[in-house]
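Some notes on the structure that comes next.
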Amino acid sequence: MTRQNVHISTMVLAVLIALGLPLVVHSPTYLHIMILLYLYAYLTTSWNLVGGFAGVLPLGHAVFVGIGAYASTMLYLQYGVSPWIGMLVGGVISVMIGVLIGLPTFKMRGAYFALATIAFGEGVRVMIENIDYIGPLKLNGPRGLQIPPLNVGLANMLFLDKKPYYYIILFMLIAVLALTWVISRRKLGYYLNAGGEEPEAAMALGVNVARCKLMAMAMSSFLTALAGTFWAQLTLFIHPKSVMSLDLSFEIAFIALIGGRGSIAGPVLGALLLRPVSDFSRIYFGDKLPGLHLIIFGVVLILVMIFQPRGIQEPLTRAYNKLVDRIVSRRARGVLESA
Amino acid sequence: MPDTNKILEINGLAMDFGGLRAVDSLSFSIGEGEILGLIGPNGAGKSTVFNCIAGVYPPSEGEVFFAGEKINREKSWNLCKKGLARTFQIVKPFSSKTVLYNVMVGSFAVTDSTAVARRIALETLEFLQLDDKKDVRAANLTIPDRKRLEIARALATNPKLLLLDEVMAGLRPTEVDDVVELIRKLRDRGVTIFLIEHIMRAVMALSDHMIVIHFGRKIAEGKPAEVACNPEVIKAYLGDEYVISRD
């Protein structure tokens with residue numbers, strides 16, 4: 001058994017467990033928690049294309065979630081367009097907005113970029129809160145939009161059961177992870193990492209850093225918008241404070257920082273650690289101490305930054321590799337002895 | 001008019017930073033396959049000359065021709081694709097990545113395929129005798145290895161002209177000899193070399209031609225032996241009282 005075989009079996013096992021989970025877990029509450037876990041892992045993986053690989057810290061990704069949610073919902077409510085198509089429309093609009101934000105801000109360094117993205121995100125949210133109509137399109141300001149649970153079915157991405165949502169977001173997560181894996185092994189991945197770490201050196205080696213970052217931003221905003229549509233279809237009610245809030249942008253960044261920025265496993269591990277914390281603190285303390293999960297996030301973030309500045313993926317990857325080594329060498333010894 | 005035999009030709013180059021003229025009316029050229037040494041006291045403007053050539057700053061005045069083509073306003077990433085590579089005086093490795101990864105970023109300049117980039121990078125590492133460290137994280141390299149990595153990355157872009165900015169600074173004498181040998185081998189492979197260096201022994205041994213600048217102006221030019229005896233050069237480095245007058 002080679003290392004690669006072990007890696008493949010681990011991945012197949014993880015996917016099988018994820019696929020089989022709804023056969024064992026029937027409680028809609030727990031399924032919903034899992035759906036949110038995958039959703040955040042998906043959002044963070046999309047964020048990671050810019051925030052991890054390209055080495056900048058965007059803190060306004062909720063804008064793209066909002067664009068995706070509003071675009072598909074408005075098209076569905078007013079023109080009966082299937083959210084599957086609305087999803088792509090939201091994605092395309094997001095790409096345009098993403099590039100528009102990226103063009104001037106990617107020249108900024110460090111905290112200035114982060115601040116600019118926060119400002120933009122909040123600006124858009126406040127605007128949407130104060131607009132009822134854009135031409136014929138009804139935004140409904142702070143009251144948000146509601147999708148009636150009628151005409152359920154796959155065509156409208158609308159279900160009464162949690163299971164279809166579970167499989168849709170699981171599939172989206174696997175797809176985005178695969179995409180990240182492919183990118184990280186190609187020229188663009190190398191160029192993004194290089195440009196993020198030492199832009200001057202990267203430029204001298206033939207990397208058009210600004211263009212690479214814009215490409216990453218375009219992909220990231222597109223993928224994030226798709227999750228926005230999914231969110232709208234899942235909760236059937238969106239308003240600016242839910243899909244465009246600063247909390248959401250921060251939570252994505254927290255998960256990435258704690259899990260491990262710039263690694264493929266980081267966002268998933270971060271979501272696995274933090275989402276349950278968030279959900280259970282909301283369930284148990286939500287009425288008495290709302291926002292407790294953000295305090296817990298903060299404490300965990302500080303601890304991780306002190307003891308594991310590359311995120312929890314690093315010690316976990318090391319432990320996993322050690323385990324793989326042991327399996328591989330034991331097999332090798334077994335083969336030798338039997339021969 | 002640019003001379004086609006010259007790989008790099010510079011006419012009246014000047015660079016201003018605010019009110020400070022860091023480089024002033026500098027003209028020189030490098031023939032193909034040559035090694036040109038640029039020396040000068042600290043703050044003379046040597047690295048600024050490199051930065052003007054390599055597209056980091058657009059020069060305030062003057063013209064820069066690379067292989068007969070004017071490259072004044074060209075961006076550094078495009079210059080790299082045309083065959084002009086450089087190293088940095090303060091090494092800038094991608095620290096969290098392995099040596100091989102670092103060099104592959106360079107070799108992607110000549111290919112889009114990961115497999116080909118890896119092959120070129122491995123060949124380059126072998127040439128620089130860094131292949132045994134290919135899986136080491138760049139942050140964990142020693143200073144001489146970091147300097148070598150800097151050269152390896154630049155070399156992986158397959159340059160015609162390589163600008164080396166103090167690649168020997170901070171090395172021990174035996175390590176300097178290794179790098180001198182390495183630069184000779186590079187030249188034998190057909191790479192034209194333009195180097196800034198403070199270690200006189202090395203730059204004297206390597207250069208076919210030398211240029212000395214002081215306060216951004218050229219004060220001497222010629223074969224290493226001629227430059228070393230030039231009273232202007234001695235004055236710039238050591239002060240007036242060290243010039244042995246001939247009368």
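Scheme for the structure tokens: letters A, B, ... for chains in order shown; per-chain residue numbers from 1; ligand numbers from 1 in order shown.
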Write out as number ranges by chain the set of residues from range 41-189 of chain A that DSSP, computed on the backbone, places in helix (DSSP H, G or I).
A: 41-53, 62-79, 83-105, 111-129, 141-143, 154-156, 163-184, 187-189
When you look at range 36-52 of chain B with a cut-off of 7 Å (counting only C-alpha atoms), what residues show up, excluding the ones that are within fewer than 4 positions of it in the same chain? I need them as a list in words.
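After dropping sequence-adjacent residues, the list is Ala22, Val23, Ile30, Val56, Tyr57, Pro58, Pro59, Ile193, Phe194, Leu195, Ile196, Glu197, His198, Val203, Ser207, Asp208, His209, Met210, Ile211, Val212, Ile213, His214, Phe215, Gly216 and Tyr237 of chain B.
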Restricting it to C-alpha atoms, dump the selection as a JSON list (two decimals), in the first residue's frame.
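again_21.json written:
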[["chain", "number", "residue", "atom", "x", "y", "z"],
["B", 22, "ALA", "CA", 20.15, 58.79, -7.31],
["B", 23, "VAL", "CA", 21.46, 58.03, -10.79],
["B", 30, "ILE", "CA", 26.94, 44.93, -22.25],
["B", 56, "VAL", "CA", 10.85, 48.22, -10.72],
["B", 57, "TYR", "CA", 10.97, 51.99, -11.34],
["B", 58, "PRO", "CA", 10.47, 53.75, -14.64],
["B", 59, "PRO", "CA", 13.64, 55.83, -15.17],
["B", 193, "ILE", "CA", 25.91, 38.55, -16.51],
["B", 194, "PHE", "CA", 25.70, 41.98, -14.96],
["B", 195, "LEU", "CA", 26.70, 41.97, -11.32],
["B", 196, "ILE", "CA", 26.88, 44.36, -8.44],
["B", 197, "GLU", "CA", 29.43, 43.23, -5.92],
["B", 198, "HIS", "CA", 31.37, 44.61, -3.00],
["B", 203, "VAL", "CA", 34.43, 41.03, -8.98],
["B", 207, "SER", "CA", 34.46, 40.79, -14.77],
["B", 208, "ASP", "CA", 35.43, 41.33, -18.38],
["B", 209, "HIS", "CA", 34.56, 44.98, -17.88],
["B", 210, "MET", "CA", 33.87, 47.10, -14.87],
["B", 211, "ILE", "CA", 31.98, 50.29, -14.23],
["B", 212, "VAL", "CA", 32.45, 52.38, -11.12],
["B", 213, "ILE", "CA", 29.75, 54.79, -10.01],
["B", 214, "HIS", "CA", 29.80, 57.33, -7.23],
["B", 215, "PHE", "CA", 26.86, 59.58, -6.26],
["B", 216, "GLY", "CA", 24.99, 58.17, -9.23],
["B", 237, "TYR", "CA", 36.53, 54.58, -1.86]]
With a cut-off of 9 Å, could you pull out the residues of chain B touching chain A and give me the nearest pair of atoms for each, distance in Å to one decimal, using only C-alpha atoms, ordered by chain and ascending number, as a Markdown table?
| residue | atom | partner | partner_atom | distance |
| --- | --- | --- | --- | --- |
| B:Ala54 | CA | A:Ala204 | CA | 7.6 |
| B:Gly55 | CA | A:Ala204 | CA | 8.6 |
| B:Val56 | CA | A:Glu200 | CA | 8.5 |
| B:Lys75 | CA | A:Met203 | CA | 8.4 |
| B:Ser76 | CA | A:Ala204 | CA | 5.5 |
| B:Trp77 | CA | A:Gly206 | CA | 3.7 |
| B:Asn78 | CA | A:Gly206 | CA | 6.3 |
| B:Leu79 | CA | A:Gly206 | CA | 7.5 |
| B:Cys80 | CA | A:Gly206 | CA | 5.0 |
| B:Lys81 | CA | A:Gly206 | CA | 6.0 |
| B:Leu84 | CA | A:Ala204 | CA | 8.9 |
| B:Ala85 | CA | A:Ala204 | CA | 6.7 |
| B:Arg86 | CA | A:Ala204 | CA | 6.6 |
| B:Thr87 | CA | A:Ala204 | CA | 8.1 |
| B:Phe88 | CA | A:Ala201 | CA | 7.7 |
| B:Val91 | CA | A:Ala201 | CA | 8.7 |
| B:Lys92 | CA | A:Ala201 | CA | 6.1 |
| B:Pro93 | CA | A:Glu198 | CA | 7.3 |
| B:Phe94 | CA | A:Glu197 | CA | 5.9 |
| B:Ser95 | CA | A:Glu197 | CA | 7.8 |
| B:Ser96 | CA | A:Glu197 | CA | 8.3 |
| B:Lys97 | CA | A:Asn193 | CA | 8.9 |
| B:Tyr101 | CA | A:Tyr190 | CA | 7.7 |
| B:Asn102 | CA | A:Ala194 | CA | 8.0 |
| B:Met104 | CA | A:Tyr190 | CA | 7.9 |
| B:Val105 | CA | A:Tyr190 | CA | 6.0 |
| B:Gly106 | CA | A:Leu205 | CA | 5.3 |
| B:Ser107 | CA | A:Leu205 | CA | 8.5 |
| B:Phe108 | CA | A:Lys187 | CA | 6.5 |
| B:Ala109 | CA | A:Gly206 | CA | 5.7 |
| B:Thr111 | CA | A:Lys187 | CA | 8.8 |
| B:Asp112 | CA | A:Lys187 | CA | 6.3 |
| B:Ser113 | CA | A:Lys187 | CA | 7.3 |
| B:Thr114 | CA | A:Arg186 | CA | 5.9 |
| B:Ala117 | CA | A:Lys187 | CA | 8.9 |
| B:Arg153 | CA | A:Leu205 | CA | 7.5 |
| B:Ala154 | CA | A:Leu205 | CA | 6.5 |
| B:Ala156 | CA | A:Leu205 | CA | 8.9 |
| B:Thr157 | CA | A:Leu205 | CA | 6.9 |
Please produce an output containing C-alpha atoms for each residue in the selection, written as a short mmCIF file (atom, residue, chain, number, x, y, z; two decimals), in the first residue's frame.
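Full text of part_11.cif as output:
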data_model
loop_
_atom_site.label_atom_id
_atom_site.label_comp_id
_atom_site.auth_asym_id
_atom_site.auth_seq_id
_atom_site.Cartn_x
_atom_site.Cartn_y
_atom_site.Cartn_z
CA ALA B 54 14.51 45.44 -14.22
CA GLY B 55 11.32 47.50 -14.41
CA VAL B 56 10.85 48.22 -10.72
CA LYS B 75 6.82 45.81 -16.28
CA SER B 76 9.19 43.46 -14.50
CA TRP B 77 7.10 40.33 -15.15
CA ASN B 78 7.16 41.01 -18.89
CA LEU B 79 10.90 41.63 -18.82
CA CYS B 80 11.35 38.29 -17.14
CA LYS B 81 9.47 36.59 -19.98
CA LEU B 84 15.90 39.45 -18.25
CA ALA B 85 16.11 38.01 -14.75
CA ARG B 86 17.43 39.42 -11.50
CA THR B 87 18.23 38.55 -7.91
CA PHE B 88 17.64 40.80 -4.92
CA VAL B 91 17.06 37.80 -0.52
CA LYS B 92 13.32 37.33 -0.85
CA PRO B 93 12.57 33.62 -0.73
CA PHE B 94 8.98 32.34 -0.50
CA SER B 95 9.83 31.27 3.04
CA SER B 96 6.93 28.97 3.85
CA LYS B 97 7.49 26.96 0.67
CA TYR B 101 8.46 25.17 -4.98
CA ASN B 102 10.49 28.39 -5.02
CA MET B 104 9.19 26.16 -9.86
CA VAL B 105 7.70 29.64 -9.56
CA GLY B 106 10.64 30.70 -11.73
CA SER B 107 10.37 27.87 -14.23
CA PHE B 108 6.67 28.54 -14.80
CA ALA B 109 7.88 31.58 -16.75
CA THR B 111 6.01 26.70 -19.42
CA ASP B 112 2.40 26.27 -18.32
CA SER B 113 2.77 22.61 -17.43
CA THR B 114 3.48 21.67 -13.83
CA ALA B 117 8.17 23.25 -14.60
CA ARG B 153 14.95 30.86 -9.14
CA ALA B 154 16.21 33.52 -11.53
CA ALA B 156 14.93 28.75 -13.91
CA THR B 157 13.26 31.53 -15.93
#
Can you list, as an MDAnalysis selection string, every residue of range 76-209 of chain B that DSSP puts in strand (DSSP E or B)?
chainID B and resid 84:86 98 137 161:165 192:196 209
Using N, CA and C atoms, can you export the residues from the last selection as a compact mmCIF listing (two decimals), in the first residue's frame?
# COMPACT_ATOMS: atom_id res chain seq x y z
N LEU B 84 15.09 38.65 -19.15
CA LEU B 84 15.90 39.45 -18.25
C LEU B 84 15.52 39.08 -16.81
N ALA B 85 16.43 38.45 -16.11
CA ALA B 85 16.11 38.01 -14.75
C ALA B 85 17.03 38.71 -13.76
N ARG B 86 16.63 38.74 -12.51
CA ARG B 86 17.43 39.42 -11.50
C ARG B 86 17.34 38.71 -10.16
N THR B 98 8.84 25.07 -0.05
CA THR B 98 10.09 24.33 -0.20
C THR B 98 10.96 24.97 -1.28
N ARG B 137 12.21 23.60 3.59
CA ARG B 137 11.51 24.87 3.54
C ARG B 137 12.53 26.01 3.42
N LEU B 161 19.94 37.51 -19.96
CA LEU B 161 20.74 38.42 -19.15
C LEU B 161 20.33 38.25 -17.69
N LEU B 162 21.32 38.08 -16.84
CA LEU B 162 21.04 37.87 -15.41
C LEU B 162 21.67 39.01 -14.62
N LEU B 163 20.86 39.70 -13.84
CA LEU B 163 21.37 40.77 -12.98
C LEU B 163 21.54 40.19 -11.58
N LEU B 164 22.77 40.19 -11.11
CA LEU B 164 23.05 39.62 -9.79
C LEU B 164 23.41 40.74 -8.83
N ASP B 165 22.56 40.94 -7.82
CA ASP B 165 22.77 42.03 -6.88
C ASP B 165 23.40 41.50 -5.59
N THR B 192 24.49 36.09 -20.24
CA THR B 192 25.22 37.32 -20.02
C THR B 192 24.99 37.75 -18.58
N ILE B 193 26.05 38.25 -17.94
CA ILE B 193 25.91 38.55 -16.51
C ILE B 193 26.31 39.98 -16.18
N PHE B 194 25.44 40.62 -15.42
CA PHE B 194 25.70 41.98 -14.96
C PHE B 194 25.62 41.90 -13.44
N LEU B 195 26.75 42.15 -12.77
CA LEU B 195 26.70 41.97 -11.32
C LEU B 195 27.14 43.20 -10.55
N ILE B 196 26.46 43.38 -9.43
CA ILE B 196 26.88 44.36 -8.44
C ILE B 196 27.59 43.56 -7.37
N HIS B 209 34.55 43.52 -17.96
CA HIS B 209 34.56 44.98 -17.88
C HIS B 209 34.02 45.39 -16.53
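For range 314-318 of chain A, the set of protein, DNA and RNA residues having any atom at most 10 Å away, when counting only C-alpha atoms and skipping those fewer than 2 positions along the same chain, is Gly259, Gly260, Ser263, Ala265, Gly266, Leu269, Gln308, Pro309, Arg310, Gly311, Ile312, Tyr320, Asn321, Lys322, Leu323 and Val324 of chain A.
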All residues 12 Å or closer to Pro144 in chain B, only C-alpha atoms, same chain fewer than 3 positions away omitted, as a list of chain:residue names:
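Contacts, in chain order: B:Val91, B:Leu128, B:Gln129, B:Leu130, B:Ala138, B:Asn140, B:Leu141, B:Lys147, B:Arg148, B:Leu149, B:Glu150, B:Ile151, B:Glu166, B:Val167, B:Met168, B:Ala169, B:Gly170, B:Leu171, B:Arg172, B:Pro173, B:Thr174, B:Glu175, B:Val176, B:Asp177, B:Asp178, B:Val179.
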Export, as a CSV table (one decimal), in the first residue's frame, the selected residues with C-alpha atoms.
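Result file out33.csv:
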chain,number,residue,atom,x,y,z
B,91,VAL,CA,17.1,37.8,-0.5
B,128,LEU,CA,23.4,24.7,-8.5
B,129,GLN,CA,24.1,21.6,-6.3
B,130,LEU,CA,20.9,22.4,-4.3
B,138,ALA,CA,13.2,28.0,2.3
B,140,ASN,CA,15.2,26.9,7.1
B,141,LEU,CA,18.1,27.4,4.6
B,147,LYS,CA,21.7,33.2,-2.0
B,148,ARG,CA,22.0,30.1,-4.2
B,149,LEU,CA,18.2,29.7,-4.2
B,150,GLU,CA,17.9,33.3,-5.3
B,151,ILE,CA,20.1,32.5,-8.3
B,166,GLU,CA,25.4,41.3,-4.3
B,167,VAL,CA,25.0,37.5,-4.3
B,168,MET,CA,28.3,37.1,-2.5
B,169,ALA,CA,27.7,39.5,0.4
B,170,GLY,CA,27.9,37.8,3.8
B,171,LEU,CA,29.6,34.6,2.5
B,172,ARG,CA,32.8,33.1,3.8
B,173,PRO,CA,35.9,33.2,1.4
B,174,THR,CA,35.5,29.6,0.4
B,175,GLU,CA,31.8,30.1,-0.3
B,176,VAL,CA,32.7,33.2,-2.4
B,177,ASP,CA,35.0,31.0,-4.5
B,178,ASP,CA,32.2,28.5,-5.1
B,179,VAL,CA,29.9,31.3,-6.3
Could you make a table, as a Markdown table, of the residues of range 205-251 of chain A that have an atom within 10 Å of an atom of range 160-167 of chain A, each with its nearest atom pair and distance in Å to one decimal, counting only C-alpha atoms, in chain and number order?
| residue | atom | partner | partner_atom | distance |
| --- | --- | --- | --- | --- |
| A:Phe230 | CA | A:Tyr165 | CA | 8.3 |
| A:Trp231 | CA | A:Tyr165 | CA | 9.7 |
| A:Gln233 | CA | A:Tyr165 | CA | 8.7 |
| A:Leu234 | CA | A:Tyr165 | CA | 7.0 |
Filtering to C-alpha atoms, could you give me those residues as a PDB file, in the first residue's frame?
ATOM      1  CA  PHE A 230     -28.215  28.099  -1.563  1.00  0.00           C
ATOM      2  CA  TRP A 231     -28.609  29.997   1.707  1.00  0.00           C
ATOM      3  CA  GLN A 233     -33.257  28.506  -0.696  1.00  0.00           C
ATOM      4  CA  LEU A 234     -32.414  26.882   2.628  1.00  0.00           C
TER       5      LEU A 234
END
At a cut-off of 9 Å, using only C-alpha atoms, what residues contact Leu31 in chain A? Leave out same-chain residues fewer than 3 positions from it and give the result as a list in words.
Leu21, Pro22, Val25, His26, Ser27, Pro28, Met34, Ile35, Leu36, Lys162, Lys163 and Tyr166 of chain A
Those same residues - N, CA and C atoms - I'd like them written as a PDB file, in the first residue's frame.
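Output (result.pdb):
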ATOM      1  N   LEU A  21     -24.316   9.822   6.189  1.00  0.00           N
ATOM      2  CA  LEU A  21     -24.784  10.416   7.439  1.00  0.00           C
ATOM      3  C   LEU A  21     -26.306  10.585   7.525  1.00  0.00           C
ATOM      4  N   PRO A  22     -26.957  11.100   6.470  1.00  0.00           N
ATOM      5  CA  PRO A  22     -28.418  11.292   6.583  1.00  0.00           C
ATOM      6  C   PRO A  22     -29.183   9.977   6.730  1.00  0.00           C
ATOM      7  N   VAL A  25     -28.626   9.816  10.701  1.00  0.00           N
ATOM      8  CA  VAL A  25     -29.145  10.977  11.424  1.00  0.00           C
ATOM      9  C   VAL A  25     -30.438  11.439  10.758  1.00  0.00           C
ATOM     10  N   HIS A  26     -31.546  11.388  11.500  1.00  0.00           N
ATOM     11  CA  HIS A  26     -32.809  11.803  10.901  1.00  0.00           C
ATOM     12  C   HIS A  26     -33.299  13.130  11.465  1.00  0.00           C
ATOM     13  N   SER A  27     -32.734  13.547  12.605  1.00  0.00           N
ATOM     14  CA  SER A  27     -33.203  14.778  13.228  1.00  0.00           C
ATOM     15  C   SER A  27     -32.908  15.979  12.346  1.00  0.00           C
ATOM     16  N   PRO A  28     -33.946  16.740  11.963  1.00  0.00           N
ATOM     17  CA  PRO A  28     -33.701  17.898  11.097  1.00  0.00           C
ATOM     18  C   PRO A  28     -32.755  18.916  11.742  1.00  0.00           C
ATOM     19  N   MET A  34     -25.326  20.203  10.317  1.00  0.00           N
ATOM     20  CA  MET A  34     -24.360  19.688   9.343  1.00  0.00           C
ATOM     21  C   MET A  34     -24.387  20.506   8.055  1.00  0.00           C
ATOM     22  N   ILE A  35     -25.598  20.878   7.623  1.00  0.00           N
ATOM     23  CA  ILE A  35     -25.712  21.674   6.396  1.00  0.00           C
ATOM     24  C   ILE A  35     -24.966  22.994   6.574  1.00  0.00           C
ATOM     25  N   LEU A  36     -25.159  23.630   7.732  1.00  0.00           N
ATOM     26  CA  LEU A  36     -24.472  24.899   7.980  1.00  0.00           C
ATOM     27  C   LEU A  36     -22.959  24.684   8.046  1.00  0.00           C
ATOM     28  N   LYS A 162     -34.820  18.233   4.832  1.00  0.00           N
ATOM     29  CA  LYS A 162     -33.455  18.749   4.885  1.00  0.00           C
ATOM     30  C   LYS A 162     -32.494  17.968   3.992  1.00  0.00           C
ATOM     31  N   LYS A 163     -32.823  16.702   3.713  1.00  0.00           N
ATOM     32  CA  LYS A 163     -31.847  15.838   3.056  1.00  0.00           C
ATOM     33  C   LYS A 163     -31.362  16.359   1.698  1.00  0.00           C
ATOM     34  N   TYR A 166     -28.872  18.920   2.185  1.00  0.00           N
ATOM     35  CA  TYR A 166     -27.626  18.318   2.675  1.00  0.00           C
ATOM     36  C   TYR A 166     -26.772  17.842   1.508  1.00  0.00           C
TER      37      TYR A 166
END
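You can rank A:His239, A:Leu59, A:Ala119, A:Gly110 by their closest distance to Pro142 in chain A using only C-alpha atoms, and at the top of that list sits A:His239.
Going from CA of Ala319 in chain A over to CA of Gly262 in chain A, you cover 18.9 Å.
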In Å, rounded to a single decimal, give me how far CA of Phe307 in chain A is from CA of Val277 in chain A.
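For CA of Val277 in chain A relative to CA of Phe307 in chain A, the distance reads 19.8 Å.
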Provide the CA of Gly66 in chain A to CA of Arg282 in chain A distance in Å, to one decimal place.
22.6 Å
Residues within 6 Å of Gly91 in chain A, please, as a list in words. Count only C-alpha atoms; anything in the same chain fewer than 3 positions from it doesn't count.
Leu88, Ser94, Phe222 and Ala225 of chain A
Write the residues of the selection above to a file with N, CA and C atoms, as an mmCIF file, in the first residue's frame.
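To be explicit, this is the file written out as result-v2.cif:
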data_model
loop_
_atom_site.group_PDB
_atom_site.id
_atom_site.type_symbol
_atom_site.label_atom_id
_atom_site.label_comp_id
_atom_site.auth_asym_id
_atom_site.auth_seq_id
_atom_site.Cartn_x
_atom_site.Cartn_y
_atom_site.Cartn_z
ATOM 1 N N LEU A 88 -26.400 31.397 -11.145
ATOM 2 C CA LEU A 88 -25.341 31.779 -12.078
ATOM 3 C C LEU A 88 -25.363 33.284 -12.328
ATOM 4 N N SER A 94 -21.526 38.992 -9.107
ATOM 5 C CA SER A 94 -20.495 38.984 -8.071
ATOM 6 C C SER A 94 -19.103 39.139 -8.655
ATOM 7 N N PHE A 222 -17.425 34.543 -7.421
ATOM 8 C CA PHE A 222 -18.412 33.712 -8.122
ATOM 9 C C PHE A 222 -18.888 32.570 -7.217
ATOM 10 N N ALA A 225 -21.026 33.625 -4.261
ATOM 11 C CA ALA A 225 -22.400 33.982 -4.615
ATOM 12 C C ALA A 225 -23.282 32.735 -4.750
#
